[in-house]
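Asks: So that you have it, the file is input-v7.txt, and it contains compact mmCIF, C-alpha atoms:
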# COMPACT_ATOMS: atom_id res chain seq x y z
CA VAL A 1 0.00 0.00 0.00
CA GLU A 2 2.87 2.36 0.71
CA GLY A 3 4.06 1.83 -2.87
CA VAL A 4 0.65 2.93 -4.16
CA ALA A 5 0.99 6.10 -2.08
CA SER A 6 4.37 6.74 -3.70
CA ILE A 7 2.85 6.30 -7.16
CA SER A 8 -0.01 8.65 -6.32
CA ASP A 9 2.39 11.27 -5.00
CA ALA A 10 4.84 10.98 -7.88
CA PHE A 11 2.25 11.18 -10.66
CA ASP A 12 -0.47 13.17 -8.88
CA THR A 13 -3.08 10.45 -9.30
CA ASP A 14 -6.02 9.48 -7.13
CA PHE A 15 -4.86 7.08 -4.41
CA SER A 16 -7.97 4.90 -4.39
CA GLY A 17 -7.96 4.67 -8.20
CA SER A 18 -4.31 3.58 -8.19
CA LEU A 19 -5.02 1.03 -5.47
CA ASP A 20 -7.94 -0.37 -7.48
CA ALA A 21 -5.71 -0.71 -10.55
CA VAL A 22 -2.98 -2.54 -8.63
CA SER A 23 -5.56 -4.82 -7.03
CA ALA A 24 -7.04 -5.61 -10.45
CA LEU A 25 -3.62 -6.61 -11.76
CA THR A 26 -2.95 -8.93 -8.83
CA ASN A 27 -6.41 -10.50 -8.91
CA SER A 28 -6.72 -11.00 -12.67
CA LEU A 29 -3.23 -11.40 -14.11
CA GLY A 30 -1.39 -13.48 -11.55
CA VAL A 31 1.26 -11.00 -10.43
CA ASP A 32 2.11 -10.10 -6.87
CA ALA A 33 1.54 -6.61 -5.49
CA GLY A 34 5.16 -5.54 -5.94
CA LYS A 35 5.20 -6.54 -9.61
CA ALA A 36 1.80 -4.92 -10.16
CA MET A 37 3.00 -1.61 -8.71
CA ASP A 38 6.20 -1.71 -10.76
CA LEU A 39 4.24 -2.35 -13.96
CA TYR A 40 1.90 0.51 -13.14
CA THR A 41 4.83 2.81 -12.34
CA VAL A 42 6.63 2.08 -15.61
CA ALA A 43 3.40 2.53 -17.57
CA MET A 44 2.96 5.94 -15.97
CA GLN A 45 6.57 6.84 -16.72
CA ARG A 46 6.10 5.86 -20.36
CA GLY A 47 3.14 8.20 -20.74
CA LEU A 48 0.28 5.70 -20.91
CA ASP A 49 -1.82 7.94 -18.66
CA VAL A 50 -1.77 10.84 -21.13
CA ASN A 51 -5.58 10.92 -21.17
CA GLY A 52 -5.90 10.29 -17.44
CA ASP A 53 -7.64 6.94 -17.95
CA LEU A 54 -4.89 4.37 -17.35
CA GLY A 55 -6.01 3.41 -13.85
CA ASP A 56 -9.66 3.07 -14.84
CA THR A 57 -8.72 1.06 -17.93
CA ILE A 58 -6.63 -1.37 -15.91
CA SER A 59 -9.42 -1.77 -13.36
CA GLU A 60 -12.03 -2.35 -16.05
CA TYR A 61 -10.16 -4.57 -18.49
CA SER A 62 -7.64 -6.61 -16.45
CA ASN A 63 -10.09 -9.46 -15.94
CA LEU A 64 -10.84 -9.56 -19.68
CA PHE A 65 -7.15 -9.71 -20.54
CA GLY A 66 -6.61 -12.37 -17.91
CA ASP A 67 -9.51 -14.51 -19.12
CA ALA A 68 -8.18 -14.27 -22.69
CA GLY A 69 -4.77 -15.58 -21.61
CA PHE A 70 -2.72 -12.38 -21.77
CA SER A 71 0.14 -11.97 -19.33
CA ALA A 72 0.39 -8.68 -17.44
CA GLU A 73 3.32 -7.66 -19.63
CA GLN A 74 1.37 -8.45 -22.80
CA MET A 75 -1.56 -6.38 -21.58
CA PHE A 76 0.70 -3.38 -21.12
CA ASP A 77 2.22 -3.98 -24.56
CA VAL A 78 -1.28 -3.66 -26.02
CA LEU A 79 -2.09 -0.57 -23.95
CA GLU A 80 1.20 1.04 -24.97
CA ALA A 81 0.47 0.30 -28.62
CA GLY A 82 -2.88 2.00 -28.14
CA SER A 83 -1.37 5.12 -26.61
CA ALA A 84 1.71 5.34 -28.84
CA ASN A 85 0.00 6.52 -32.00
CA GLY A 86 -2.23 9.11 -30.36
CA VAL A 87 -5.31 7.85 -32.19
CA LEU A 88 -6.46 4.97 -30.06
CA GLY A 89 -5.76 5.52 -26.37
CA VAL A 90 -5.47 2.87 -23.69
CA GLU A 91 -9.21 2.52 -23.08
CA LYS A 92 -9.96 1.94 -26.76
CA ALA A 93 -7.10 -0.54 -26.95
CA GLY A 94 -8.69 -2.45 -24.10
CA ASP A 95 -12.04 -2.30 -25.84
CA ALA A 96 -10.49 -3.63 -29.06
CA VAL A 97 -9.24 -6.70 -27.19
CA LYS A 98 -12.63 -7.10 -25.54
CA GLU A 99 -14.44 -7.05 -28.88
CA PHE A 100 -11.92 -9.45 -30.42
CA GLY A 101 -12.57 -11.91 -27.60
CA ILE A 102 -16.34 -11.66 -27.91
CA LYS A 103 -16.21 -12.21 -31.67
CA PHE A 104 -13.77 -15.10 -31.33
CA THR A 105 -15.87 -16.84 -28.71
CA GLU A 106 -19.00 -16.47 -30.82
CA GLY A 107 -17.27 -17.42 -34.06
CA ALA A 108 -18.41 -14.22 -35.79
CA ASP A 109 -18.68 -14.42 -39.58
CA ASP A 110 -16.88 -11.13 -40.21
CA GLN A 111 -14.00 -12.21 -37.98
CA ARG A 112 -13.81 -15.50 -39.81
CA ALA A 113 -13.66 -13.60 -43.11
CA ALA A 114 -10.88 -11.37 -41.76
CA PHE A 115 -8.85 -14.39 -40.64
CA ASP A 116 -9.30 -16.02 -44.04
CA ALA A 117 -8.22 -12.82 -45.84
CA LEU A 118 -5.11 -12.69 -43.66
CA GLY A 119 -4.22 -16.27 -44.53
CA LEU A 120 -5.12 -17.63 -41.09
CA ASP A 121 -7.20 -20.75 -40.51
CA TYR A 122 -10.03 -19.57 -38.25
CA ASP A 123 -11.38 -23.00 -37.40
CA ALA A 124 -7.90 -24.29 -36.60
CA TRP A 125 -7.30 -21.38 -34.24
CA ARG A 126 -10.65 -21.83 -32.51
CA ASN A 127 -10.00 -25.54 -32.12
CA LYS A 128 -6.59 -24.87 -30.58
CA VAL A 129 -8.08 -22.40 -28.13
CA ASN A 130 -10.96 -24.73 -27.23
CA SER A 131 -8.54 -27.59 -26.61
CA GLY A 132 -6.25 -25.47 -24.45
CA GLU A 133 -3.38 -25.66 -26.91
CA ALA A 134 -3.53 -21.88 -27.42
CA THR A 135 -5.26 -18.86 -25.92
CA ILE A 136 -7.39 -16.08 -27.34
CA ALA A 137 -4.36 -13.86 -26.71
CA ASP A 138 -2.32 -16.07 -29.06
CA ALA A 139 -4.99 -15.74 -31.75
CA PHE A 140 -5.13 -11.97 -31.22
CA PHE A 141 -1.37 -11.52 -31.64
CA ALA A 142 -1.32 -13.81 -34.68
CA SER A 143 -4.05 -11.76 -36.34
CA GLN A 144 -2.32 -8.47 -35.54
CA GLU A 145 0.99 -9.71 -36.90
CA ALA A 146 -0.71 -10.75 -40.14
CA LEU A 147 -2.62 -7.45 -40.31
CA SER A 148 0.55 -5.39 -39.91
CA GLY A 149 2.02 -6.98 -43.06
CA ILE A 150 -0.71 -6.17 -45.56
CA SER A 151 -0.79 -3.19 -47.91
CA GLY A 152 -3.71 -0.86 -48.62
CA GLU A 153 -5.25 1.16 -45.80
CA LEU A 154 -8.82 0.56 -46.96
CA ASP A 155 -8.34 -3.18 -46.77
CA ALA A 156 -6.66 -2.81 -43.39
CA GLY A 157 -9.57 -0.80 -42.05
CA ALA A 158 -12.13 -3.37 -43.15
CA LEU A 159 -10.06 -6.21 -41.75
CA ALA A 160 -9.53 -4.40 -38.43
CA ALA A 161 -13.28 -3.93 -38.16
CA GLY A 162 -13.81 -7.61 -38.85
CA LEU A 163 -11.32 -8.59 -36.19
CA MET A 164 -12.17 -6.06 -33.47
CA GLY A 165 -15.48 -4.40 -34.30
CA THR A 166 -16.58 -1.39 -36.32
CA GLN A 167 -14.95 1.06 -33.88
CA ALA A 168 -11.56 -0.29 -35.08
CA GLU A 169 -12.20 0.43 -38.76
CA ASP A 170 -10.57 3.87 -38.78
CA LEU A 171 -7.46 2.45 -37.12
CA GLY A 172 -6.50 0.26 -40.03
CA LYS A 173 -3.30 -1.53 -39.10
CA THR A 174 -2.08 1.22 -36.74
CA LEU A 175 -2.58 -0.87 -33.61
CA ALA A 176 -0.98 -3.87 -35.28
CA THR A 177 2.18 -2.02 -36.33
CA SER A 178 2.42 -0.28 -32.94
CA LEU A 179 2.25 -3.64 -31.22
CA ALA A 180 5.42 -4.75 -32.98
CA GLU A 181 7.17 -1.63 -31.70
CA SER A 182 5.88 -1.87 -28.13
CA GLU A 183 6.57 -5.58 -27.60
CA GLY A 184 8.59 -6.04 -24.43
CA ALA A 185 8.33 -2.36 -23.48
CA VAL A 186 7.60 -3.23 -19.84
CA ALA A 187 9.65 -6.42 -19.62
CA ASP A 188 12.12 -5.08 -17.04
CA VAL A 189 10.23 -3.23 -14.33
CA SER A 190 11.78 -4.58 -11.12
CA GLY A 191 12.29 -1.90 -8.48
CA ALA A 192 10.60 0.86 -10.47
CA THR A 193 8.30 1.89 -7.63
CA ALA A 194 11.02 1.81 -5.00
CA ASP A 195 13.18 4.02 -7.20
CA LEU A 196 10.55 6.73 -7.49
CA GLY A 197 12.00 10.02 -6.32
CA VAL A 198 8.92 11.93 -5.25
CA GLN A 199 9.34 15.67 -5.68
CA TYR A 200 6.69 17.99 -4.25
CA GLU A 201 5.90 21.15 -6.18
CA THR A 202 4.09 22.94 -3.34
CA LEU A 203 4.21 22.96 0.44
CA GLY A 204 0.59 21.77 0.53
CA ALA A 205 1.41 18.81 -1.70
CA MET A 206 4.35 17.91 0.51
CA PHE A 207 2.23 17.88 3.67
CA GLU A 208 -0.49 15.94 1.88
CA GLY A 209 2.10 13.30 0.99
CA PHE A 210 3.40 13.21 4.56
CA LYS A 211 -0.14 12.91 5.89
CA ARG A 212 -0.88 9.96 3.62
CA LYS A 213 2.32 8.21 4.64
CA PHE A 214 1.57 8.85 8.33
CA LEU A 215 -1.90 7.34 8.01
CA LEU A 216 -0.43 4.32 6.26
CA ALA A 217 2.20 3.97 8.97
CA ILE A 218 -0.37 3.87 11.79
CA GLU A 219 -2.75 1.62 9.85
CA PRO A 220 -1.69 -1.52 11.79
CA ILE A 221 -2.82 0.09 15.07
CA GLY A 222 -5.77 1.88 13.49
CA GLN A 223 -8.27 -0.80 14.51
CA LYS A 224 -7.11 -0.65 18.13
CA ILE A 225 -7.43 3.14 18.15
CA LEU A 226 -10.93 2.79 16.73
CA GLU A 227 -11.87 0.25 19.41
CA ILE A 228 -10.59 2.54 22.17
CA GLY A 229 -12.42 5.48 20.67
CA GLN A 230 -15.66 3.52 20.51
CA GLU A 231 -15.20 2.33 24.10
CA PHE A 232 -14.86 5.87 25.45
CA MET A 233 -17.36 7.46 23.06
CA PRO A 234 -20.29 7.23 25.54
CA ILE A 235 -18.21 9.03 28.17
CA LEU A 236 -17.18 11.70 25.67
CA GLU A 237 -20.80 12.16 24.59
CA ILE A 238 -21.91 12.66 28.22
CA ALA A 239 -19.12 15.18 28.79
CA MET A 240 -19.90 17.08 25.58
CA ASN A 241 -23.62 17.13 26.37
CA ALA A 242 -22.90 18.45 29.87
CA ALA A 243 -20.58 21.11 28.45
CA GLY A 244 -23.19 22.06 25.89
CA GLU A 245 -25.86 22.44 28.60
CA ALA A 246 -23.52 24.55 30.74
CA ILE A 247 -22.69 26.83 27.81
CA THR A 248 -26.38 27.20 26.95
CA ALA A 249 -27.25 28.09 30.57
CA ALA A 250 -24.42 30.62 30.72
CA MET A 251 -25.54 32.25 27.48
CA GLU A 252 -29.13 32.51 28.77
CA ALA A 253 -27.96 34.09 32.01
CA ALA A 254 -25.79 36.57 30.15
CA GLN A 255 -28.45 37.48 27.58
CA PRO A 256 -29.65 40.66 29.45
CA LEU A 257 -26.07 41.95 29.61
CA ILE A 258 -25.58 41.16 25.91
CA ASP A 259 -28.77 43.06 25.05
CA GLN A 260 -27.70 46.06 27.14
CA PHE A 261 -24.29 46.09 25.48
CA GLY A 262 -25.92 45.96 22.07
CA ASP A 263 -28.14 48.94 22.94
CA TYR A 264 -25.08 50.85 24.13
CA LEU A 265 -23.20 50.21 20.89
CA THR A 266 -26.20 51.40 18.90
CA THR A 267 -26.35 54.63 20.89
CA VAL A 268 -22.64 55.29 20.44
CA ALA A 269 -22.56 54.40 16.76
CA VAL A 270 -25.60 56.50 15.72
CA PRO A 271 -24.98 60.30 16.05
CA ALA A 272 -27.67 62.37 17.67
CA ALA A 273 -29.95 64.17 15.18
Take the structure I supplied and represent it as C-alpha cells, if you would.
Replies:
Amino acid sequence: VEGVASISDAFDTDFSGSLDAVSALTNSLGVDAGKAMDLYTVAMQRGLDVNGDLGDTISEYSNLFGDAGFSAEQMFDVLEAGSANGVLGVEKAGDAVKEFGIKFTEGADDQRAAFDALGLDYDAWRNKVNSGEATIADAFFASQEALSGISGELDAGALAAGLMGTQAEDLGKTLATSLAESEGAVADVSGATADLGVQYETLGAMFEGFKRKFLLAIEPIGQKILEIGQEFMPILEIAMNAAGEAITAAMEAAQPLIDQFGDYLTTVAVPAA
C-alpha cells in the first residue's frame, strides 16, 4: 500500500484509483503486489496515462485480458500500442481486445472472413483455443501480426473492423504495427516503484504526501485506536452534552447583559440628530 501512495504522490493520481488498478492486476493477471505496482509505475513513466484513464482502464479490463490468456506484460504492450499513436488511447485498446474476444468466442462471420483474408485458418485457431493448446491472446497476436504486413489502408480498415469491431475500422493496421514496436516495453520493471523520487511542487502537496504516509504507517494500530475510541465514546458524549448544557445556561444568564451592550453600541454608533 505504501508503494501505491508513492505512485499517487509521484504522478499526482487518485490514491484509491491507483489502489484499485494494482488490485485488479494482482487478482486478474497473476502477479504479486510488488510486480503490479512496478508495472503501473513504468506505464505511468512511459506516458500511458496521457488521457488520465490508465487506472480506470486497468481496473475495467484486467479481468478480460486475464480470461483471454494475456500476461500482465502483454496487456501493457497492447495498452502502450494503443497510446503510442495518439489515435487509439489505452481505453480503446482495451475495448479492441474485448471485442476481439467476444467475436472469437462467438465465431463471428466477419471475424472468420478477416482471418481467411489474412491467410489464417479460423477454425484451426478456434479448435486450438478450445482444446487449451492456445489462448485467445495467441490468436489476437497472430491476427495483428498478419494485419501489420498487408498493404492498402482501406483493406486494413475493413479487416480491423472484422477482427475487433466497427470502432476499429478507422485504425486500419495502426494498432498492429504499434504492437510490434511496443513488444517487451515493460519487460524489465523490477524496483521501479522503489526508485521513485517523489518531488513535491508545493508545500501543501508535501504535507499531503506526509499525511498519507503517516496514516499508512499507523494503519496496523488503526483498529485498536478505533476500538478505544468507541469504548470511550459514551463518556465523551456525556461530557460534551454536559458542556453544551452549561454553555447554553451561561448564554441565557448573560443574555440581558448582551442586550444592554448591544443597545449601548447602537447609541454610540448612531450620532444624535
Asks: Would you please work out which residue, of A:Glu252, A:Glu145, A:Glu99, A:Glu80, is nearest to Thr177 (chain A) when using all atoms listed in the file?
Replies: A:Glu145
Asks: Which residue is closest to Ser151 (chain A)? Choose from A:Ala137, A:Leu39, A:Asp123, A:Leu118 and count all atoms listed in the file.
Replies: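 Nearest candidate to Ser151 (chain A) out of A:Ala137, A:Leu39, A:Asp123, A:Leu118: A:Leu118.
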Asks: Go ahead and compute the interatomic distance for CA of Ala81 (chain A) and CA of Ala134 (chain A), in Å to one decimal.
Replies: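 For CA of Ala81 (chain A) relative to CA of Ala134 (chain A), the distance reads 22.6 Å.
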Asks: At a cut-off of 12 Å, using only C-alpha atoms, what residues contact Leu196 (chain A)? Leave out same-chain residues fewer than 6 positions from it and give the result as a ChimeraX atom specification.
Replies: /A:3-11,37-38,41-42,44-45,190
Asks: Mind pulling up the distance from CA of Ala161 (chain A) to CA of Asn130 (chain A)?
Replies: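 Taking CA of Asn130 (chain A) as the start and CA of Ala161 (chain A) as the end point, the length is 23.6 Å.
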Asks: List the neighbours of Ala36 (chain A) out to 9 Å using all atoms listed in the file; skip same-chain residues closer than 2 positions along the sequence, and give me the result as JSON, numbers by chain.
Replies: {"A": [21, 22, 23, 24, 25, 26, 31, 32, 33, 34, 38, 39, 40, 41, 72]}
Asks: Would you compute an axis-aligned box for region 43-47 of chain A, covering every atom listed for it in the file with 4 Å of margin on each side, and report centre and edge lengths in Å to one decimal as lines of an AutoDock Vina configuration file?
Replies:
center_x = 4.8
center_y = 5.4
center_z = -18.4
size_x = 11.6
size_y = 13.7
size_z = 12.8
Asks: Could you check which residues have any atom within 12 Å of (-9.6, -7.3, -10.3), counting all atoms listed in the file with coordinates taken straight from the file, and then list them as a PDB file with C-alpha atoms, keeping the file's coordinate frame?
Replies:
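The resulting file, part_17.pdb, is reproduced below:
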ATOM      1  CA  LEU A  19      -5.020   1.030  -5.470  1.00  0.00           C
ATOM      2  CA  ASP A  20      -7.940  -0.370  -7.480  1.00  0.00           C
ATOM      3  CA  ALA A  21      -5.710  -0.710 -10.550  1.00  0.00           C
ATOM      4  CA  VAL A  22      -2.980  -2.540  -8.630  1.00  0.00           C
ATOM      5  CA  SER A  23      -5.560  -4.820  -7.030  1.00  0.00           C
ATOM      6  CA  ALA A  24      -7.040  -5.610 -10.450  1.00  0.00           C
ATOM      7  CA  LEU A  25      -3.620  -6.610 -11.760  1.00  0.00           C
ATOM      8  CA  THR A  26      -2.950  -8.930  -8.830  1.00  0.00           C
ATOM      9  CA  ASN A  27      -6.410 -10.500  -8.910  1.00  0.00           C
ATOM     10  CA  SER A  28      -6.720 -11.000 -12.670  1.00  0.00           C
ATOM     11  CA  LEU A  29      -3.230 -11.400 -14.110  1.00  0.00           C
ATOM     12  CA  GLY A  30      -1.390 -13.480 -11.550  1.00  0.00           C
ATOM     13  CA  VAL A  31       1.260 -11.000 -10.430  1.00  0.00           C
ATOM     14  CA  ALA A  36       1.800  -4.920 -10.160  1.00  0.00           C
ATOM     15  CA  GLY A  55      -6.010   3.410 -13.850  1.00  0.00           C
ATOM     16  CA  ASP A  56      -9.660   3.070 -14.840  1.00  0.00           C
ATOM     17  CA  THR A  57      -8.720   1.060 -17.930  1.00  0.00           C
ATOM     18  CA  ILE A  58      -6.630  -1.370 -15.910  1.00  0.00           C
ATOM     19  CA  SER A  59      -9.420  -1.770 -13.360  1.00  0.00           C
ATOM     20  CA  GLU A  60     -12.030  -2.350 -16.050  1.00  0.00           C
ATOM     21  CA  TYR A  61     -10.160  -4.570 -18.490  1.00  0.00           C
ATOM     22  CA  SER A  62      -7.640  -6.610 -16.450  1.00  0.00           C
ATOM     23  CA  ASN A  63     -10.090  -9.460 -15.940  1.00  0.00           C
ATOM     24  CA  LEU A  64     -10.840  -9.560 -19.680  1.00  0.00           C
ATOM     25  CA  PHE A  65      -7.150  -9.710 -20.540  1.00  0.00           C
ATOM     26  CA  GLY A  66      -6.610 -12.370 -17.910  1.00  0.00           C
ATOM     27  CA  ASP A  67      -9.510 -14.510 -19.120  1.00  0.00           C
TER      28      ASP A  67
END
Asks: From the options A:Ala249, A:Ala239, A:Ala254, A:Val189, which residue's atoms come nearest to Lys35 (chain A), counting all atoms listed in the file?
Replies: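 So, comparing all the options, the nearest one is A:Val189.
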Asks: Could you tell me how far CA of Leu159 (chain A) sits from CA of Val50 (chain A), in Å to one decimal place?
Replies: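 One can read the CA of Val50 (chain A) to CA of Leu159 (chain A) distance as 28.0 Å.
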Asks: Pick the closest to Gly82 (chain A) from A:Leu179, A:Ala156, A:Ile235, A:Ala108: which is it, counting only C-alpha atoms?
Replies: A:Leu179
Asks: For Ile102 (chain A), which of A:Ala142, A:Ala243, A:Ile150, A:Ile136 is the closest residue, counting all atoms listed in the file?
Replies: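 Looking only at the distances to Ile102 (chain A), the closest residue turns out to be A:Ile136.
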Asks: Given only C-alpha atoms as the basis, pick out the residue of A:Gly132, A:Gly107, A:Gly157, A:Gly119 nearest to Thr174 (chain A).
Replies: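 Result for the nearest residue to Thr174 (chain A): A:Gly157.
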Asks: Pick out the residues sitting within 10 Å of Ala180 (chain A), and hand them over as a list in words; count all atoms listed in the file, and ignore anything fewer than 3 positions along from it in its own chain.
Replies: Asp77, Val78, Ala81, Phe141, Gln144, Glu145, Ser148, Leu175, Ala176, Thr177, Glu183 and Gly184 of chain A
